[in-house]
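As provided, coords26.txt (compact mmCIF, C-alpha atoms) reads as follows.
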```txt
# COMPACT_ATOMS: atom_id res chain seq x y z
CA MET A 1 9.49 -23.56 20.73
CA THR A 2 12.45 -25.20 22.50
CA VAL A 3 12.38 -28.30 24.70
CA GLU A 4 12.82 -26.05 27.74
CA ASP A 5 9.83 -23.99 26.63
CA ARG A 6 7.73 -27.12 26.35
CA ARG A 7 8.82 -28.22 29.80
CA ARG A 8 7.78 -24.89 31.25
CA ASP A 9 4.39 -25.24 29.53
CA ASP A 10 3.81 -28.78 30.86
CA GLY A 11 5.49 -28.29 34.21
CA PRO A 12 8.79 -29.63 35.56
CA VAL A 13 9.84 -33.17 34.68
CA THR A 14 9.74 -35.62 37.60
CA GLN A 15 12.15 -38.49 38.26
CA SER A 16 9.76 -40.81 36.45
CA GLY A 17 10.23 -38.77 33.29
CA LYS A 18 6.72 -37.34 33.41
CA THR A 19 5.67 -33.73 33.61
CA GLU A 20 3.26 -32.56 36.28
CA SER A 21 0.48 -32.90 33.72
CA GLY A 22 1.26 -36.63 33.59
CA ARG A 23 2.73 -36.61 30.05
CA THR A 24 6.16 -38.00 29.30
CA GLU A 25 8.61 -36.21 27.04
CA SER A 26 8.02 -39.00 24.50
CA ASP A 27 4.26 -38.40 24.63
CA LYS A 28 4.82 -34.68 24.05
CA ALA A 29 7.14 -35.28 21.09
CA GLU A 30 4.66 -37.69 19.49
CA SER A 31 1.85 -35.20 19.98
CA ASP A 32 3.89 -32.40 18.39
CA THR A 33 4.74 -34.62 15.43
CA ALA A 34 1.09 -35.58 14.93
CA GLU A 35 -0.02 -31.95 15.13
CA SER A 36 2.63 -30.92 12.61
CA TYR A 37 1.45 -33.66 10.24
CA LYS A 38 -2.17 -32.50 10.56
CA HIS A 39 -1.22 -28.89 9.87
CA GLU A 40 0.77 -29.85 6.76
CA ALA A 41 -1.96 -32.19 5.51
CA LEU A 42 -4.58 -29.47 5.94
CA ARG A 43 -2.36 -26.91 4.19
CA ARG A 44 -2.07 -29.22 1.17
CA ARG A 45 -5.83 -29.82 1.05
CA LEU A 46 -6.58 -26.12 1.26
CA GLN A 47 -3.96 -25.39 -1.40
CA ALA A 48 -5.79 -27.77 -3.74
CA ASP A 49 -9.10 -26.08 -2.92
CA ILE A 50 -7.63 -22.63 -3.57
CA ALA A 51 -6.37 -23.74 -7.00
CA ARG A 52 -10.01 -24.25 -8.01
CA MET A 53 -11.18 -20.90 -6.61
CA ARG A 54 -11.13 -17.44 -8.14
CA PRO A 55 -9.17 -14.47 -6.79
CA ASP A 56 -11.02 -12.57 -4.02
CA GLU A 57 -13.25 -15.58 -3.31
CA ALA A 58 -13.74 -15.98 0.45
CA LEU A 59 -12.47 -18.97 2.43
CA PRO A 60 -14.44 -20.52 5.30
CA THR A 61 -13.67 -19.22 8.77
CA GLU A 62 -11.05 -20.83 10.96
CA ARG A 63 -13.79 -22.44 13.06
CA ARG A 64 -15.61 -23.86 10.03
CA LEU A 65 -12.37 -25.25 8.61
CA ALA A 66 -11.65 -26.97 11.92
CA GLU A 67 -15.14 -28.53 11.92
CA ARG A 68 -15.06 -29.52 8.25
CA TYR A 69 -11.68 -31.24 8.40
CA GLU A 70 -12.00 -32.46 12.00
CA VAL A 71 -8.90 -30.73 13.30
CA SER A 72 -8.26 -28.28 16.12
CA ARG A 73 -8.61 -24.55 15.54
CA ALA A 74 -4.88 -24.25 16.28
CA THR A 75 -4.15 -26.60 13.38
CA ALA A 76 -6.46 -24.63 11.08
CA ARG A 77 -4.79 -21.39 12.19
CA ARG A 78 -1.31 -22.75 11.42
CA ALA A 79 -2.39 -23.99 7.98
CA LEU A 80 -3.90 -20.61 7.10
CA GLN A 81 -0.78 -18.80 8.29
CA ALA A 82 1.39 -21.00 6.07
CA LEU A 83 -0.84 -20.20 3.08
CA ARG A 84 -0.60 -16.48 3.85
CA GLU A 85 3.19 -16.73 3.95
CA ASP A 86 3.08 -18.48 0.56
CA GLY A 87 1.06 -15.54 -0.80
CA LEU A 88 -1.91 -17.73 -1.72
CA ILE A 89 -4.40 -16.01 0.58
CA ARG A 90 -4.83 -12.65 2.27
CA SER A 91 -6.75 -11.71 5.39
CA VAL A 92 -8.68 -8.52 6.04
CA ARG A 93 -9.18 -7.82 9.73
CA GLY A 94 -12.84 -8.02 10.66
CA VAL A 95 -13.88 -9.10 7.17
CA GLY A 96 -12.39 -12.50 6.35
CA THR A 97 -9.78 -14.44 4.40
CA PHE A 98 -9.68 -14.38 0.60
CA VAL A 99 -7.86 -16.02 -2.30
CA SER A 100 -5.00 -13.81 -3.46
CA HIS A 101 -4.46 -12.75 -7.04
CA PRO A 102 -1.54 -14.65 -8.64
CA GLN A 103 1.65 -12.65 -8.30
CA ILE A 104 3.29 -11.55 -11.53
CA THR A 105 7.02 -12.19 -11.68
CA LYS A 106 8.94 -10.00 -14.10
CA THR A 107 12.24 -11.53 -15.20
CA SER A 108 15.11 -10.12 -17.22
CA ALA A 109 13.55 -11.52 -20.40
CA LEU A 110 12.20 -8.86 -22.76
CA THR A 111 8.44 -9.42 -22.55
CA SER A 112 5.46 -7.11 -22.70
CA PHE A 113 2.98 -6.56 -19.88
CA SER A 114 0.40 -8.59 -21.81
CA GLU A 115 2.81 -11.51 -22.22
CA ASP A 116 3.64 -11.42 -18.51
CA LEU A 117 -0.04 -11.59 -17.59
CA ARG A 118 -0.85 -14.38 -20.02
CA SER A 119 2.00 -16.45 -18.56
CA ARG A 120 0.29 -16.23 -15.14
CA GLY A 121 -3.15 -17.13 -16.46
CA TYR A 122 -4.55 -13.59 -16.51
CA ARG A 123 -6.55 -12.07 -19.35
CA PRO A 124 -4.68 -8.81 -20.11
CA GLY A 125 -6.53 -5.60 -20.81
CA ALA A 126 -6.22 -1.83 -20.62
CA GLU A 127 -8.44 1.09 -19.68
CA LEU A 128 -7.48 4.20 -21.62
CA LEU A 129 -7.30 7.21 -19.30
CA ALA A 130 -5.68 9.77 -21.64
CA ALA A 131 -4.36 9.98 -25.21
CA GLU A 132 -3.06 13.41 -26.10
CA LEU A 133 -0.37 15.30 -27.95
CA VAL A 134 2.16 17.16 -25.78
CA GLU A 135 5.42 19.03 -26.30
CA ALA A 136 8.52 17.20 -25.13
CA ASP A 137 10.11 18.71 -22.04
CA LEU A 138 13.81 18.26 -21.30
CA HIS A 139 13.31 14.97 -19.44
CA HIS A 140 11.23 13.28 -22.14
CA SER A 141 13.19 14.71 -25.06
CA THR A 142 16.37 13.28 -23.52
CA ALA A 143 14.74 9.91 -22.92
CA LEU A 144 13.44 9.69 -26.48
CA GLY A 145 16.42 11.29 -28.19
CA VAL A 146 14.42 14.15 -29.74
CA ASP A 147 14.58 17.93 -29.50
CA PRO A 148 12.73 19.74 -26.71
CA GLY A 149 9.36 20.92 -27.97
CA THR A 150 8.95 17.92 -30.29
CA THR A 151 5.35 16.72 -30.44
CA LEU A 152 4.83 13.48 -28.52
CA HIS A 153 1.99 11.07 -27.94
CA ARG A 154 1.25 10.83 -24.20
CA ILE A 155 -0.77 7.70 -23.45
CA GLU A 156 -1.97 6.95 -19.93
CA ARG A 157 -3.57 3.58 -19.29
CA LEU A 158 -4.65 1.44 -16.39
CA ARG A 159 -3.34 -2.04 -17.12
CA LEU A 160 -5.71 -4.82 -16.12
CA GLY A 161 -5.58 -8.53 -15.48
CA ASP A 162 -9.03 -10.18 -15.62
CA ASP A 163 -10.44 -6.62 -15.36
CA PHE A 164 -8.50 -6.13 -12.11
CA PRO A 165 -6.12 -3.10 -11.85
CA ILE A 166 -2.43 -4.02 -11.68
CA CYS A 167 -0.37 -1.16 -13.14
CA LEU A 168 -0.82 2.51 -13.95
CA GLU A 169 1.18 3.18 -17.12
CA THR A 170 2.17 6.35 -18.97
CA VAL A 171 3.98 6.00 -22.32
CA TYR A 172 5.54 8.65 -24.60
CA LEU A 173 6.23 8.17 -28.33
CA SER A 174 7.27 10.46 -31.15
CA ALA A 175 4.20 11.74 -33.01
CA GLU A 176 6.35 12.25 -36.10
CA ARG A 177 7.44 8.62 -36.18
CA PHE A 178 4.02 7.27 -35.24
CA PRO A 179 1.57 9.80 -36.69
CA ASN A 180 -1.59 7.75 -36.60
CA LEU A 181 -2.35 5.89 -33.39
CA ASP A 182 -5.90 4.63 -33.36
CA GLU A 183 -7.61 4.27 -29.98
CA SER A 184 -8.36 0.63 -30.78
CA GLN A 185 -4.60 -0.04 -30.76
CA LEU A 186 -4.39 1.10 -27.15
CA GLN A 187 -6.61 -1.59 -25.65
CA GLY A 188 -3.87 -4.21 -25.49
CA SER A 189 -0.12 -4.52 -25.95
CA LEU A 190 1.25 -1.30 -27.46
CA SER A 191 4.48 -3.08 -28.48
CA GLU A 192 2.49 -5.67 -30.42
CA ALA A 193 0.37 -2.94 -32.05
CA LEU A 194 3.43 -0.98 -33.19
CA GLN A 195 4.95 -4.10 -34.70
CA VAL A 196 1.77 -4.93 -36.63
CA THR A 197 0.89 -1.40 -37.82
CA HIS A 198 4.32 0.21 -38.22
CA GLY A 199 6.69 -2.75 -38.56
CA VAL A 200 8.65 -1.59 -35.48
CA ARG A 201 9.91 -4.34 -33.21
CA VAL A 202 11.32 -3.73 -29.73
CA VAL A 203 14.48 -5.80 -29.24
CA ARG A 204 16.09 -4.15 -26.20
CA ALA A 205 15.04 -2.10 -23.21
CA THR A 206 16.60 -0.47 -20.18
CA GLN A 207 14.68 -0.37 -16.91
CA GLN A 208 15.04 1.45 -13.63
CA ILE A 209 13.03 0.18 -10.67
CA ARG A 210 12.30 2.14 -7.51
CA ALA A 211 10.10 1.51 -4.48
CA VAL A 212 7.49 4.24 -3.91
CA ASN A 213 4.21 4.86 -2.07
CA VAL A 214 1.08 5.62 -4.08
CA THR A 215 -0.72 8.95 -3.82
CA GLY A 216 -4.47 9.60 -3.65
CA ARG A 217 -5.36 9.43 -7.37
CA GLN A 218 -2.97 6.55 -8.00
CA ALA A 219 -4.39 4.61 -5.05
CA GLY A 220 -7.94 5.12 -6.29
CA LEU A 221 -7.12 3.86 -9.77
CA LEU A 222 -5.12 0.85 -8.52
CA GLY A 223 -7.70 -0.05 -5.88
CA VAL A 224 -5.32 0.14 -2.91
CA LYS A 225 -5.01 2.34 0.18
CA GLU A 226 -3.20 5.65 -0.15
CA GLY A 227 0.44 5.21 0.86
CA SER A 228 0.52 1.52 -0.18
CA ALA A 229 3.82 0.18 -1.48
CA ALA A 230 4.36 0.09 -5.23
CA LEU A 231 7.15 -0.31 -7.77
CA LEU A 232 7.88 2.53 -10.17
CA VAL A 233 9.43 1.18 -13.35
CA ARG A 234 10.99 3.57 -15.88
CA ARG A 235 11.59 1.87 -19.23
CA THR A 236 13.20 2.97 -22.48
CA ALA A 237 12.63 0.60 -25.42
CA PHE A 238 14.80 0.37 -28.54
CA ASP A 239 14.27 -1.15 -31.98
CA ASP A 240 16.74 -3.27 -33.97
CA THR A 241 18.37 -0.13 -35.43
CA GLY A 242 19.17 1.23 -31.97
CA HIS A 243 16.56 4.01 -32.09
CA VAL A 244 14.28 4.66 -29.13
CA VAL A 245 10.74 3.44 -29.73
CA GLU A 246 9.08 4.56 -26.50
CA TYR A 247 9.70 5.81 -23.00
CA GLY A 248 7.31 4.81 -20.26
CA GLU A 249 6.70 4.86 -16.53
CA SER A 250 4.68 2.09 -14.88
CA LEU A 251 3.42 2.17 -11.32
CA CYS A 252 2.93 -1.47 -10.35
CA ARG A 253 1.08 -2.72 -7.28
CA GLY A 254 3.59 -3.97 -4.72
CA ASP A 255 1.31 -6.80 -3.57
CA LEU A 256 1.00 -8.26 -7.07
CA TYR A 257 4.28 -7.53 -8.83
CA GLU A 258 7.82 -8.73 -8.17
CA PHE A 259 11.03 -8.58 -10.20
CA SER A 260 13.34 -11.59 -10.43
CA LEU A 261 16.72 -10.90 -12.05
CA VAL A 262 19.76 -13.09 -12.67
CA VAL A 263 23.09 -11.36 -12.04
CA THR A 264 26.53 -12.69 -12.87
CA LYS A 265 30.04 -11.63 -12.02
```
What is this structure when it is put down as structure tokens?
Amino acid sequence: MTVEDRRRDDGPVTQSGKTESGRTESDKAESDTAESYKHEALRRRLQADIARMRPDEALPTERRLAERYEVSRATARRALQALREDGLIRSVRGVGTFVSHPQITKTSALTSFSEDLRSRGYRPGAELLAAELVEADLHHSTALGVDPGTTLHRIERLRLGDDFPICLETVYLSAERFPNLDESQLQGSLSEALQVTHGVRVVRATQQIRAVNVTGRQAGLLGVKEGSAALLVRRTAFDDTGHVVEYGESLCRGDLYEFSLVVTK
């Protein structure tokens, strides 16, 4: 709001320097400063409260916050808006305001999904949706560097953080190279399992990232509305000999996942 806007709100300034409401410009400035301080102080107190709360836990209403902290509802509203912009809370119209799930930032470092979640304080997990043998089509044979028709493991999993759905993942591996994949190995990090059971270590990966909207089945599994924004990540992983270990596609919730990359010239 500009000074002119404030003058229009309070009425024209008289020769005495007061507005028609009887407040001087100095009074108005001091009031604005005090209100800004209250809003920032309340934001910090609520941020500390949120740090002790669990994701999806409900916050008090705007009115109750104003009463509890002895501030105006306008101050409470501004503090909540600032917290929403910081991604710490989310509001559902007609329902309430809730603590957001911590956002997962994926950097250019080569880390697994499980490692990413642990770094944000989540407990990683996986719900196995499908584990089957399929014949490689042209797309997957090219991605894996095998002949079309080669037998592949197709593994579809819902990746979880604290039992909360975050990504829908489908991975393809050569059944010849990895003949025995036990279901117990598919409950956590597949990369870690392959290193322990087969001595294969992923040292490099290429990734393509594209913005998409989720369809009906995808939305149901991820717990979001159909058409919600998501990130589709196509990844090809290589071992230290340069051979492809796996090809996968991950559909990551747009409200929980972000990619942060460093680029140089």
Nearby residues (all atoms listed in the file) at most 6 Å from A:Thr236, same-chain spacing under 3 positions excluded, as a PyMOL selection string | chain A and resi 205-206+246-247
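Picture a line from atom CA of A:Thr170 to atom CA of A:Arg118; it runs 21.0 Å.
The gap separating atom CA of A:Glu249 from atom CA of A:Leu168 is 8.3 Å, in Å to one decimal.
Distance-wise, atom CA of A:Asp86 and atom CA of A:Arg68 end up 22.6 Å apart.
Take the candidates A:Arg78, A:Cys252, A:Leu88, A:Ile155 and check each one against A:Asp49 using all atoms listed in the file; the shortest distance goes to A:Leu88.
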Hey, what's within 12 Å of A:Leu181 if we count all atoms listed in the file and toss same-chain stuff fewer than 6 positions away? As a PDB file with C-alpha atoms, in the frame of the given file, please?
```
ATOM      1  CA  ALA A 131      -4.360   9.980 -25.210  1.00  0.00           C
ATOM      2  CA  GLU A 132      -3.060  13.410 -26.100  1.00  0.00           C
ATOM      3  CA  LEU A 133      -0.370  15.300 -27.950  1.00  0.00           C
ATOM      4  CA  LEU A 152       4.830  13.480 -28.520  1.00  0.00           C
ATOM      5  CA  HIS A 153       1.990  11.070 -27.940  1.00  0.00           C
ATOM      6  CA  ARG A 154       1.250  10.830 -24.200  1.00  0.00           C
ATOM      7  CA  ILE A 155      -0.770   7.700 -23.450  1.00  0.00           C
ATOM      8  CA  LEU A 173       6.230   8.170 -28.330  1.00  0.00           C
ATOM      9  CA  SER A 174       7.270  10.460 -31.150  1.00  0.00           C
ATOM     10  CA  ALA A 175       4.200  11.740 -33.010  1.00  0.00           C
ATOM     11  CA  GLN A 187      -6.610  -1.590 -25.650  1.00  0.00           C
ATOM     12  CA  LEU A 190       1.250  -1.300 -27.460  1.00  0.00           C
ATOM     13  CA  ALA A 193       0.370  -2.940 -32.050  1.00  0.00           C
ATOM     14  CA  LEU A 194       3.430  -0.980 -33.190  1.00  0.00           C
ATOM     15  CA  THR A 197       0.890  -1.400 -37.820  1.00  0.00           C
ATOM     16  CA  HIS A 198       4.320   0.210 -38.220  1.00  0.00           C
TER      17      HIS A 198
END
```
